[in-house]
$ cat work17.csv   # CSV, C-alpha atoms
chain,number,residue,atom,x,y,z
A,103,MET,CA,-73.5,-28.6,42.6
A,104,GLU,CA,-72.9,-27.0,39.3
A,105,ARG,CA,-70.1,-25.1,40.6
A,106,GLY,CA,-67.8,-27.9,41.7
A,107,PRO,CA,-64.8,-25.7,40.8
A,108,ARG,CA,-62.1,-28.4,41.1
A,109,SER,CA,-63.8,-30.9,38.9
A,110,LEU,CA,-64.6,-28.6,36.1
A,111,ARG,CA,-61.2,-27.1,35.7
A,112,VAL,CA,-60.7,-29.0,32.5
A,113,GLY,CA,-61.9,-27.0,29.5
A,114,GLY,CA,-63.7,-29.3,27.1
A,115,PHE,CA,-65.6,-31.1,29.9
A,116,ARG,CA,-67.2,-28.1,31.4
A,117,GLU,CA,-69.9,-28.0,28.9
A,118,TRP,CA,-70.2,-31.7,28.5
A,119,GLY,CA,-70.4,-32.1,32.2
A,120,ARG,CA,-73.1,-29.5,32.6
A,121,ARG,CA,-75.2,-31.1,29.9
A,122,ALA,CA,-74.7,-34.5,31.3
A,123,VAL,CA,-75.8,-33.3,34.7
A,124,ALA,CA,-78.7,-31.5,33.2
A,125,TYR,CA,-79.7,-34.6,31.4
A,126,VAL,CA,-79.5,-36.7,34.5
A,127,ARG,CA,-81.5,-34.2,36.4
A,128,GLN,CA,-84.1,-34.1,33.7
A,129,THR,CA,-84.4,-37.8,33.6
A,130,LEU,CA,-84.5,-38.0,37.4
A,131,ALA,CA,-87.0,-35.1,37.5
A,132,VAL,CA,-89.4,-37.0,35.2
A,133,ARG,CA,-88.9,-40.1,37.2
A,134,SER,CA,-89.5,-38.3,40.5
A,135,ARG,CA,-92.6,-36.8,39.1
A,136,VAL,CA,-93.8,-40.3,38.4
A,137,GLU,CA,-92.7,-41.3,41.8
A,138,ASP,CA,-94.3,-38.3,43.3
A,139,GLN,CA,-97.5,-40.2,43.4
A,140,GLN,CA,-95.6,-42.5,45.8
A,141,PRO,CA,-92.9,-40.3,47.1
A,142,SER,CA,-89.7,-42.2,47.4
A,143,ARG,CA,-86.5,-41.1,49.1
A,144,ARG,CA,-84.6,-43.6,47.1
A,145,GLY,CA,-85.3,-41.7,43.9
A,146,VAL,CA,-84.2,-38.4,45.3
A,147,LEU,CA,-81.1,-40.0,46.7
A,148,ALA,CA,-80.2,-41.6,43.4
A,149,ALA,CA,-80.5,-38.3,41.7
A,150,ALA,CA,-78.1,-36.7,44.1
A,151,VAL,CA,-75.6,-39.5,43.9
A,152,GLY,CA,-75.8,-39.6,40.1
A,153,ALA,CA,-75.1,-35.9,39.8
A,154,VAL,CA,-72.2,-36.0,42.3
A,155,ALA,CA,-70.7,-39.0,40.7
A,156,LEU,CA,-70.5,-37.3,37.3
A,157,TYR,CA,-68.2,-34.6,38.5
A,158,PRO,CA,-65.3,-36.6,39.6
A,159,ILE,CA,-65.4,-38.6,36.4
A,160,ALA,CA,-65.2,-35.5,34.3
A,161,GLY,CA,-62.6,-34.0,36.5
A,162,CYS,CA,-60.3,-36.9,36.2
A,163,GLY,CA,-60.0,-36.4,32.5
A,164,LEU,CA,-60.7,-40.1,31.9
A,165,PHE,CA,-61.6,-39.4,28.3
A,166,GLY,CA,-58.5,-37.6,27.3
A,167,ASP,CA,-58.0,-33.9,27.3
A,168,ASP,CA,-55.2,-31.3,27.0
A,169,GLU,CA,-53.5,-32.3,30.2
A,170,GLU,CA,-53.3,-35.9,29.2
A,171,LYS,CA,-51.9,-35.4,25.8
A,172,ALA,CA,-48.2,-35.6,26.7
A,173,PRO,CA,-46.7,-38.2,24.3
A,174,PRO,CA,-45.1,-41.3,25.9
A,175,PRO,CA,-41.3,-40.9,26.2
A,176,ALA,CA,-39.4,-42.4,23.4
A,177,PRO,CA,-37.6,-45.7,24.3
A,178,ASP,CA,-34.0,-45.2,25.3
A,179,PRO,CA,-31.6,-46.3,22.6
A,180,LEU,CA,-29.9,-48.6,25.2
A,181,ALA,CA,-33.2,-50.4,25.9
A,182,PRO,CA,-32.3,-53.3,23.4
A,183,LEU,CA,-28.9,-53.7,25.0
A,184,LEU,CA,-30.5,-53.9,28.4
A,185,ALA,CA,-32.8,-56.6,27.2
A,186,GLU,CA,-29.9,-58.4,25.6
A,187,ALA,CA,-27.8,-58.3,28.9
A,188,ARG,CA,-30.8,-59.7,30.8
A,189,SER,CA,-31.4,-62.4,28.3
A,190,LEU,CA,-27.8,-63.4,28.1
A,191,ALA,CA,-27.6,-63.6,31.9
A,192,GLY,CA,-30.6,-65.8,31.9
A,193,GLN,CA,-29.1,-68.1,29.3
A,194,HIS,CA,-25.9,-68.5,31.3
A,195,GLU,CA,-27.9,-69.2,34.5
A,196,ALA,CA,-30.0,-71.8,32.7
A,197,ALA,CA,-26.8,-73.4,31.3
A,198,ILE,CA,-25.3,-73.5,34.8
A,199,ALA,CA,-28.5,-75.2,36.1
A,200,ALA,CA,-28.5,-77.7,33.3
A,201,PHE,CA,-24.8,-78.5,33.3
A,202,PRO,CA,-23.3,-78.0,36.8
A,203,ALA,CA,-19.9,-78.9,35.3
A,204,LEU,CA,-19.9,-75.5,33.6
A,205,ALA,CA,-20.7,-73.6,36.7
A,206,GLN,CA,-17.1,-72.6,37.5
A,207,ARG,CA,-16.6,-71.2,34.0
A,208,LEU,CA,-20.0,-69.6,33.5
A,209,THR,CA,-20.9,-68.2,36.9
A,210,PRO,CA,-18.6,-65.1,36.7
A,211,VAL,CA,-19.9,-64.5,33.2
A,212,ALA,CA,-23.6,-64.7,34.3
A,213,ARG,CA,-22.8,-62.3,37.1
A,214,ALA,CA,-21.1,-59.9,34.8
A,215,HIS,CA,-24.2,-59.8,32.6
A,216,ARG,CA,-26.3,-59.1,35.7
A,217,GLU,CA,-24.0,-56.2,36.6
A,218,HIS,CA,-24.3,-54.9,33.0
A,219,GLU,CA,-28.0,-55.1,33.3
A,220,ALA,CA,-28.1,-53.2,36.5
A,221,ALA,CA,-25.7,-50.5,35.2
A,222,LEU,CA,-27.7,-50.1,32.0
A,223,ALA,CA,-30.9,-49.9,33.9
A,224,LYS,CA,-29.4,-47.2,36.1
A,225,VAL,CA,-28.2,-45.2,33.1
A,226,ILE,CA,-31.5,-45.5,31.3
A,227,LYS,CA,-33.3,-44.8,34.6
A,228,ALA,CA,-35.6,-47.6,33.7
A,229,PRO,CA,-37.8,-49.0,36.5
A,230,GLU,CA,-35.7,-52.2,36.3
A,231,PRO,CA,-33.9,-52.6,39.6
A,232,SER,CA,-36.6,-55.0,40.9
A,233,ALA,CA,-36.0,-57.2,37.8
A,234,SER,CA,-32.3,-57.5,38.6
A,235,ALA,CA,-32.9,-57.9,42.3
A,236,SER,CA,-35.0,-60.9,41.6
A,237,PRO,CA,-33.2,-62.7,38.9
A,238,ASP,CA,-35.2,-65.9,39.1
A,239,THR,CA,-38.4,-64.2,37.9
A,240,SER,CA,-36.8,-63.0,34.7
A,241,ALA,CA,-34.1,-65.7,34.4
A,242,SER,CA,-35.8,-69.0,34.4
A,243,PRO,CA,-35.9,-69.3,30.6
A,244,THR,CA,-36.3,-72.6,28.9
A,245,PRO,CA,-33.5,-74.9,29.7
A,246,PRO,CA,-30.9,-75.1,26.9
A,247,ALA,CA,-31.7,-77.6,24.2
A,248,GLY,CA,-28.9,-80.0,23.3
A,249,ASP,CA,-25.7,-81.0,25.1
A,250,ALA,CA,-23.1,-78.9,26.8
A,251,LYS,CA,-21.2,-78.4,23.6
A,252,SER,CA,-24.0,-76.9,21.7
A,253,THR,CA,-25.0,-74.8,24.7
A,254,LEU,CA,-21.6,-73.3,24.8
A,255,ALA,CA,-21.8,-72.6,21.1
A,256,ALA,CA,-25.1,-70.8,21.6
A,257,LEU,CA,-23.6,-68.8,24.5
A,258,ARG,CA,-20.6,-67.8,22.4
A,259,ALA,CA,-22.9,-66.6,19.6
A,260,GLY,CA,-24.8,-64.6,22.2
A,261,GLU,CA,-21.6,-63.0,23.5
A,262,GLN,CA,-20.5,-62.0,20.0
A,263,LYS,CA,-23.9,-60.5,19.3
A,264,CYS,CA,-23.8,-58.6,22.6
A,265,GLN,CA,-20.2,-57.3,21.9
A,266,LYS,CA,-21.3,-56.0,18.5
A,267,ALA,CA,-24.4,-54.3,19.9
A,268,ALA,CA,-22.4,-52.7,22.8
A,269,ALA,CA,-19.7,-51.6,20.4
A,270,GLN,CA,-22.2,-50.0,18.1
A,271,ALA,CA,-24.0,-48.3,21.1
A,272,CYS,CA,-20.6,-47.1,22.4
A,273,GLN,CA,-19.8,-45.6,19.0
A,274,ALA,CA,-23.1,-43.7,18.9
A,275,ALA,CA,-23.3,-42.8,22.5
A,276,PRO,CA,-22.9,-39.4,24.1
A,277,ALA,CA,-19.7,-39.0,26.1
A,278,GLU,CA,-21.2,-39.8,29.5
A,279,ARG,CA,-22.3,-43.3,28.3
A,280,ALA,CA,-19.2,-44.2,26.2
A,281,ALA,CA,-17.1,-45.6,28.9
A,282,LEU,CA,-19.7,-47.9,30.3
A,283,LEU,CA,-20.7,-49.2,26.9
A,284,GLY,CA,-17.0,-49.7,26.0
A,285,SER,CA,-16.5,-51.8,29.1
A,286,ILE,CA,-19.5,-53.9,28.3
A,287,ALA,CA,-18.3,-54.5,24.8
A,288,ALA,CA,-14.8,-55.4,26.1
A,289,ALA,CA,-16.3,-57.7,28.7
A,290,CYS,CA,-18.2,-59.7,26.1
A,291,ALA,CA,-15.0,-60.1,24.2
A,292,THR,CA,-13.3,-61.5,27.3
A,293,HIS,CA,-16.2,-63.9,27.9
A,294,LEU,CA,-15.3,-65.5,24.6
A,295,GLU,CA,-12.0,-66.5,26.1
A,296,VAL,CA,-13.7,-68.5,28.9
A,297,VAL,CA,-17.0,-69.6,27.4
A,298,ARG,CA,-15.6,-72.6,25.5
B,81,MET,CA,-11.4,-34.8,20.0
B,82,SER,CA,-8.9,-34.5,22.8
B,83,PRO,CA,-5.2,-34.8,22.1
B,84,GLU,CA,-4.6,-35.1,25.9
B,85,ALA,CA,-6.5,-38.4,26.1
B,86,LEU,CA,-4.5,-39.8,23.2
B,87,ALA,CA,-1.2,-38.5,24.6
B,88,THR,CA,-2.0,-40.3,27.9
B,89,ALA,CA,-2.7,-43.5,25.9
B,90,LEU,CA,0.6,-43.1,24.2
B,91,ASP,CA,2.4,-42.8,27.6
B,92,ALA,CA,0.7,-46.0,28.7
B,93,GLU,CA,1.7,-47.8,25.5
B,94,HIS,CA,5.3,-46.7,25.9
B,95,ALA,CA,5.3,-48.2,29.4
B,96,ALA,CA,3.6,-51.4,28.3
B,97,ILE,CA,6.2,-52.0,25.5
B,98,TYR,CA,9.0,-51.4,28.0
B,99,ALA,CA,7.5,-53.8,30.6
B,100,TYR,CA,7.1,-56.7,28.2
B,101,GLY,CA,10.9,-56.9,27.8
B,102,PRO,CA,11.6,-58.1,31.4
B,103,ILE,CA,8.3,-59.9,31.5
B,104,GLY,CA,9.2,-62.1,28.5
B,105,VAL,CA,12.5,-63.1,30.1
B,106,ARG,CA,10.7,-64.8,33.0
B,107,LEU,CA,8.1,-66.7,31.0
B,108,ASP,CA,7.9,-70.2,29.7
B,109,THR,CA,8.0,-70.7,25.9
B,110,ALA,CA,4.3,-70.6,25.2
B,111,SER,CA,3.7,-67.6,27.4
B,112,ALA,CA,6.7,-65.8,26.0
B,113,ALA,CA,5.2,-66.1,22.5
B,114,ASP,CA,2.1,-64.5,23.8
B,115,ALA,CA,4.2,-61.8,25.4
B,116,ARG,CA,5.9,-61.1,22.1
B,117,GLN,CA,2.5,-60.8,20.3
B,118,ALA,CA,1.2,-58.5,23.0
B,119,GLU,CA,4.3,-56.3,22.8
B,120,ALA,CA,3.9,-56.2,19.0
B,121,ALA,CA,0.2,-55.1,19.4
B,122,HIS,CA,1.3,-52.3,21.8
B,123,ARG,CA,3.9,-51.2,19.3
B,124,THR,CA,1.3,-51.0,16.6
B,125,ARG,CA,-1.0,-48.9,18.9
B,126,ARG,CA,2.0,-46.7,19.8
B,127,ASP,CA,2.9,-46.0,16.1
B,128,ALA,CA,-0.7,-45.2,15.2
B,129,LEU,CA,-0.9,-42.8,18.2
B,130,VAL,CA,2.3,-41.0,17.2
B,131,LEU,CA,0.9,-40.5,13.7
B,132,ARG,CA,-2.5,-39.4,14.9
B,133,LEU,CA,-1.1,-36.9,17.4
B,134,THR,CA,1.2,-35.5,14.8
B,135,ALA,CA,-1.7,-35.1,12.4
B,136,LEU,CA,-3.6,-33.3,15.2
B,137,GLY,CA,-0.7,-30.8,15.4
B,138,SER,CA,0.2,-32.1,18.9
B,139,SER,CA,3.7,-33.3,19.7
B,140,PRO,CA,3.6,-37.0,20.8
B,141,PRO,CA,5.2,-37.6,24.1
B,142,PRO,CA,8.4,-39.7,23.8
B,143,ALA,CA,9.1,-42.9,25.8
B,144,ALA,CA,11.1,-42.5,29.0
B,145,PRO,CA,14.5,-44.1,28.9
B,146,SER,CA,13.4,-46.6,31.5
B,147,TYR,CA,10.5,-47.3,33.8
B,148,THR,CA,10.3,-48.4,37.4
B,149,LEU,CA,8.6,-51.8,37.7
B,150,PRO,CA,6.0,-51.9,40.4
B,151,PHE,CA,7.5,-55.1,41.9
B,152,PRO,CA,10.6,-57.2,41.2
B,153,LEU,CA,10.2,-59.8,38.5
B,154,THR,CA,11.7,-62.7,40.3
B,155,ASP,CA,9.8,-65.5,38.6
B,156,ARG,CA,7.1,-66.6,36.2
B,157,ALA,CA,4.3,-65.9,38.6
B,158,ALA,CA,5.5,-62.3,39.1
B,159,ALA,CA,5.9,-61.9,35.3
B,160,LEU,CA,2.3,-63.1,34.7
B,161,ARG,CA,1.1,-60.8,37.4
B,162,LEU,CA,2.8,-57.8,35.9
B,163,ALA,CA,1.6,-58.7,32.4
B,164,THR,CA,-1.9,-58.7,33.7
B,165,GLU,CA,-1.5,-55.5,35.5
B,166,ILE,CA,0.0,-53.8,32.4
B,167,GLU,CA,-3.0,-54.8,30.3
B,168,GLU,CA,-5.4,-53.7,33.0
B,169,ARG,CA,-3.7,-50.3,33.2
B,170,THR,CA,-3.6,-49.8,29.5
B,171,ALA,CA,-7.3,-50.9,29.3
B,172,ALA,CA,-8.1,-48.2,31.9
B,173,VAL,CA,-6.3,-45.5,29.9
B,174,TRP,CA,-8.1,-46.4,26.7
B,175,ARG,CA,-11.4,-46.6,28.5
B,176,ALA,CA,-10.8,-43.1,29.8
B,177,ALA,CA,-10.2,-41.9,26.2
B,178,LEU,CA,-13.7,-43.1,25.1
B,179,PRO,CA,-15.7,-40.1,26.4
B,180,GLN,CA,-13.1,-37.7,25.1
B,181,THR,CA,-13.2,-39.0,21.5
B,182,THR,CA,-15.6,-39.5,18.7
B,183,GLU,CA,-15.9,-41.4,15.5
B,184,THR,CA,-12.6,-43.0,14.3
B,185,ASP,CA,-10.7,-42.1,17.4
B,186,ARG,CA,-13.4,-43.6,19.6
B,187,ALA,CA,-13.4,-46.7,17.5
B,188,THR,CA,-9.7,-47.0,17.9
B,189,ALA,CA,-10.0,-46.5,21.7
B,190,LEU,CA,-12.7,-49.2,21.9
B,191,ALA,CA,-10.6,-51.6,19.9
B,192,ALA,CA,-7.6,-51.0,22.1
B,193,LEU,CA,-9.6,-51.3,25.3
B,194,THR,CA,-11.1,-54.6,24.0
B,195,ASP,CA,-7.7,-56.0,23.0
B,196,CYS,CA,-6.1,-55.1,26.4
B,197,ALA,CA,-9.1,-56.6,28.2
B,198,VAL,CA,-8.8,-59.9,26.3
B,199,ARG,CA,-5.0,-60.1,26.9
B,200,ALA,CA,-5.5,-59.4,30.6
B,201,THR,CA,-8.0,-62.3,30.6
B,202,ARG,CA,-5.5,-64.6,28.9
B,203,TRP,CA,-2.8,-63.7,31.3
B,204,ARG,CA,-5.1,-64.4,34.3
B,205,ARG,CA,-5.9,-67.8,32.8
B,206,ARG,CA,-2.2,-68.6,32.3
B,207,ALA,CA,-1.6,-67.5,35.9
B,208,GLY,CA,-4.5,-69.7,37.1
B,209,VAL,CA,-6.3,-66.6,38.4
B,210,SER,CA,-10.1,-67.2,38.8
B,211,PRO,CA,-12.3,-65.6,37.7
B,212,ALA,CA,-10.3,-64.7,34.6
B,213,THR,CA,-12.7,-62.0,33.7
B,214,VAL,CA,-13.9,-58.8,35.3
B,215,PRO,CA,-17.4,-57.3,34.8
B,216,PHE,CA,-16.2,-53.9,33.6
B,217,PRO,CA,-12.8,-54.0,32.0
B,218,GLY,CA,-10.8,-50.8,32.3
B,219,ARG,CA,-13.0,-49.4,35.1
B,220,VAL,CA,-10.8,-48.3,37.9
B,221,THR,CA,-12.3,-49.5,41.2

$ encode --input "work17.csv" --output "structure tokens"
Amino acid sequence: MERGPRSLRVGGFREWGRRAVAYVRQTLAVRSRVEDQQPSRRGVLAAAVGAVALYPIAGCGLFGDDEEKAPPPAPDPLAPLLAEARSLAGQHEAAIAAFPALAQRLTPVARAHREHEAALAKVIKAPEPSASASPDTSASPTPPAGDAKSTLAALRAGEQKCQKAAAQACQAAPAERAALLGSIAAACATHLEVVR
Amino acid sequence: MSPEALATALDAEHAAIYAYGPIGVRLDTASAADARQAEAAHRTRRDALVLRLTALGSSPPPAAPSYTLPFPLTDRAAALRLATEIEERTAAVWRAALPQTTETDRATALAALTDCAVRATRWRRRAGVSPATVPFPGRVT
């Protein structure tokens, strides 16, 4: 039992694991001496199970050790823009649902933001495709407050914000991302021509 | 910084300026005013490109004496279609310049791409084309 080579690979736990096993055995040994007066298979079985169970726990490194110390990856600088595209798509979809008369104007715009979202997720390599594949889970935000006019004003503000964010991201981006971000910024500018 | 990308953009601007001549002739008054504004914007871009390329020690490509139009401009609809196409093509050239530029040159390319995309959308609206927008302006599909 003490040898369990796989489970004890992890440095700091070797000693801890041994001590823990020793402790369990000691405890169980005392208990089984007590139980010796009335020998019980259950006690012996529990001792075996307890000792075995400890190894996998130690081996999994549940308590943190060298192998687990890789820092989480820093968020991609385009993550905020991805969130913005998703939010804006949801706002357009909500506006369409609330004001069907706007559907013809807003549907292509909503679709464009969904395409931006998908393209950004792909570039970031975020585990996002499921989010864009099922828009109704992410995109049933609160229905727009106010009338169609104020809804359009809010959407225009969102497009302006998105254009600015995409332009800044384009300016700061490495070459391989510049064209996509430029197109997104330009698309938001064109949306202002139709969202009115 | 790539002078080639800017030289390509300059070629496109030369062609756009040329095309707006015959386009304007076929348009109604309101659209013709838009065409004049568009042509002026392309001239401004052209002049800036000539200066920039010269500053980079590269000789700016001159305009061709004339350009072949992709289809005959027989009426207003054809003129609006060509105007849209001109803006789409110039947008594509400026978009292609983005990865090859940095800092001020990239800012210029982005502003130009955005202007072209907005004008293309306006021309589509005038032509009654729906949708008037595209998801990725300048992307060649």

$ closest_atom_pairs --input "work17.csv" --of "chain B" --to "chain A" --cutoff "8 Å" --atoms "all atoms listed in the file" --output "tab-separated table"
residue	atom	partner	partner_atom	distance
B:Arg175	CA	A:Ala281	CA	5.8
B:Ala176	CA	A:Ala281	CA	6.8
B:Leu178	CA	A:Ala281	CA	5.7
B:Pro179	CA	A:Ala277	CA	4.2
B:Gln180	CA	A:Ala277	CA	6.8
B:Thr181	CA	A:Ala277	CA	8.0
B:Thr182	CA	A:Gln273	CA	7.4
B:Glu183	CA	A:Gln273	CA	6.7
B:Arg186	CA	A:Gln273	CA	6.7
B:Ala187	CA	A:Gln273	CA	6.7
B:Leu190	CA	A:Gly284	CA	6.0
B:Leu193	CA	A:Ala288	CA	6.7
B:Thr194	CA	A:Ala288	CA	4.3
B:Asp195	CA	A:Ala288	CA	7.8
B:Ala197	CA	A:Ala288	CA	6.2
B:Val198	CA	A:Thr292	CA	4.9
B:Thr201	CA	A:Thr292	CA	6.3
B:Arg202	CA	A:Glu295	CA	7.3
B:Pro211	CA	A:Pro210	CA	6.4
B:Ala212	CA	A:Val296	CA	7.6
B:Thr213	CA	A:Thr292	CA	6.4
B:Val214	CA	A:Ala289	CA	7.1
B:Pro215	CA	A:Ala214	CA	4.5
B:Phe216	CA	A:Ser285	CA	5.0
B:Pro217	CA	A:Ser285	CA	5.2
B:Gly218	CA	A:Ser285	CA	6.6
B:Arg219	CA	A:Ser285	CA	7.3

$ write_last_selection --input "work17.csv" --atoms "C-alpha atoms" --output "PDB file, in the frame of the given file"
ATOM      1  CA  ARG B 175     -11.400 -46.600  28.500  1.00  0.00           C
ATOM      2  CA  ALA B 176     -10.800 -43.100  29.800  1.00  0.00           C
ATOM      3  CA  LEU B 178     -13.700 -43.100  25.100  1.00  0.00           C
ATOM      4  CA  PRO B 179     -15.700 -40.100  26.400  1.00  0.00           C
ATOM      5  CA  GLN B 180     -13.100 -37.700  25.100  1.00  0.00           C
ATOM      6  CA  THR B 181     -13.200 -39.000  21.500  1.00  0.00           C
ATOM      7  CA  THR B 182     -15.600 -39.500  18.700  1.00  0.00           C
ATOM      8  CA  GLU B 183     -15.900 -41.400  15.500  1.00  0.00           C
ATOM      9  CA  ARG B 186     -13.400 -43.600  19.600  1.00  0.00           C
ATOM     10  CA  ALA B 187     -13.400 -46.700  17.500  1.00  0.00           C
ATOM     11  CA  LEU B 190     -12.700 -49.200  21.900  1.00  0.00           C
ATOM     12  CA  LEU B 193      -9.600 -51.300  25.300  1.00  0.00           C
ATOM     13  CA  THR B 194     -11.100 -54.600  24.000  1.00  0.00           C
ATOM     14  CA  ASP B 195      -7.700 -56.000  23.000  1.00  0.00           C
ATOM     15  CA  ALA B 197      -9.100 -56.600  28.200  1.00  0.00           C
ATOM     16  CA  VAL B 198      -8.800 -59.900  26.300  1.00  0.00           C
ATOM     17  CA  THR B 201      -8.000 -62.300  30.600  1.00  0.00           C
ATOM     18  CA  ARG B 202      -5.500 -64.600  28.900  1.00  0.00           C
ATOM     19  CA  PRO B 211     -12.300 -65.600  37.700  1.00  0.00           C
ATOM     20  CA  ALA B 212     -10.300 -64.700  34.600  1.00  0.00           C
ATOM     21  CA  THR B 213     -12.700 -62.000  33.700  1.00  0.00           C
ATOM     22  CA  VAL B 214     -13.900 -58.800  35.300  1.00  0.00           C
ATOM     23  CA  PRO B 215     -17.400 -57.300  34.800  1.00  0.00           C
ATOM     24  CA  PHE B 216     -16.200 -53.900  33.600  1.00  0.00           C
ATOM     25  CA  PRO B 217     -12.800 -54.000  32.000  1.00  0.00           C
ATOM     26  CA  GLY B 218     -10.800 -50.800  32.300  1.00  0.00           C
ATOM     27  CA  ARG B 219     -13.000 -49.400  35.100  1.00  0.00           C
TER      28      ARG B 219
END

$ atom_distance --input "work17.csv" --atom1 "CA of Arg156 (chain B)" --atom2 "CA of Leu90 (chain B)"
27.2 Å

$ atom_distance --input "work17.csv" --atom1 "CA of Lys266 (chain A)" --atom2 "CA of Leu180 (chain A)"
13.2 Å

$ atom_distance --input "work17.csv" --atom1 "CA of Glu219 (chain A)" --atom2 "CA of Ala185 (chain A)"
7.9 Å

$ residues_around --input "work17.csv" --residues "Ile97 (chain B)" --least-positions-apart "5" --cutoff "12 Å" --atoms "only C-alpha atoms" --output "PyMOL selection string"
chain B and resi 90-92+102-104+115-127+143-147+163+166-167+170

$ residues_near_point --input "work17.csv" --point "(-24.8, -76.5, 24.9)" --cutoff "12 Å" --atoms "only C-alpha atoms" --output "list in words"
Gln193, His194, Ala196, Ala197, Ile198, Ala199, Ala200, Phe201, Ala203, Leu204, Pro245, Pro246, Ala247, Gly248, Asp249, Ala250, Lys251, Ser252, Thr253, Leu254, Ala255, Ala256, Leu257, Arg258, Ala259, Val297 and Arg298 of chain A

$ residues_around --input "work17.csv" --residues "Ala192 (chain B)" --least-positions-apart "3" --cutoff "8 Å" --atoms "only C-alpha atoms" --output "PDB file with C-alpha atoms, keeping the file's coordinate frame"
ATOM      1  CA  ARG B 125      -1.000 -48.900  18.900  1.00  0.00           C
ATOM      2  CA  ALA B 171      -7.300 -50.900  29.300  1.00  0.00           C
ATOM      3  CA  TRP B 174      -8.100 -46.400  26.700  1.00  0.00           C
ATOM      4  CA  THR B 188      -9.700 -47.000  17.900  1.00  0.00           C
ATOM      5  CA  ALA B 189     -10.000 -46.500  21.700  1.00  0.00           C
ATOM      6  CA  ASP B 195      -7.700 -56.000  23.000  1.00  0.00           C
ATOM      7  CA  CYS B 196      -6.100 -55.100  26.400  1.00  0.00           C
TER       8      CYS B 196
END

$ closest_residue --input "work17.csv" --among "B:Ala200, B:Pro142, B:Ser210, B:Leu133" --to "Leu162 (chain B)" --atoms "all atoms listed in the file"
B:Ala200

$ residues_near_point --input "work17.csv" --point "(-1.1, -33.8, 16.7)" --cutoff "12 Å" --atoms "all atoms listed in the file" --output "list of chain:residue names"
B:Met81, B:Ser82, B:Pro83, B:Glu84, B:Ala85, B:Leu86, B:Ala87, B:Ala128, B:Leu129, B:Val130, B:Leu131, B:Arg132, B:Leu133, B:Thr134, B:Ala135, B:Leu136, B:Gly137, B:Ser138, B:Ser139, B:Pro140, B:Pro141

$ closest_residue --input "work17.csv" --among "B:Val105, B:Ala177, B:Ala157, B:Ala191" --to "Ala207 (chain B)" --atoms "all atoms listed in the file"
B:Ala157

$ closest_residue --input "work17.csv" --among "B:Ala172, B:Ala112, B:Ala89, B:Thr154" --to "Asp185 (chain B)" --atoms "only C-alpha atoms"
B:Ala89

$ residues_around --input "work17.csv" --residues "Glu165 (chain B)" --least-positions-apart "4" --cutoff "10 Å" --atoms "only C-alpha atoms" --output "MDAnalysis selection string"
chainID B and resid 96 150 159:161 169:171 200 203:204

$ write_last_selection --input "work17.csv" --atoms "C-alpha atoms" --output "PDB file, in the frame of the given file"
ATOM      1  CA  ALA B  96       3.600 -51.400  28.300  1.00  0.00           C
ATOM      2  CA  PRO B 150       6.000 -51.900  40.400  1.00  0.00           C
ATOM      3  CA  ALA B 159       5.900 -61.900  35.300  1.00  0.00           C
ATOM      4  CA  LEU B 160       2.300 -63.100  34.700  1.00  0.00           C
ATOM      5  CA  ARG B 161       1.100 -60.800  37.400  1.00  0.00           C
ATOM      6  CA  ARG B 169      -3.700 -50.300  33.200  1.00  0.00           C
ATOM      7  CA  THR B 170      -3.600 -49.800  29.500  1.00  0.00           C
ATOM      8  CA  ALA B 171      -7.300 -50.900  29.300  1.00  0.00           C
ATOM      9  CA  ALA B 200      -5.500 -59.400  30.600  1.00  0.00           C
ATOM     10  CA  TRP B 203      -2.800 -63.700  31.300  1.00  0.00           C
ATOM     11  CA  ARG B 204      -5.100 -64.400  34.300  1.00  0.00           C
TER      12      ARG B 204
END
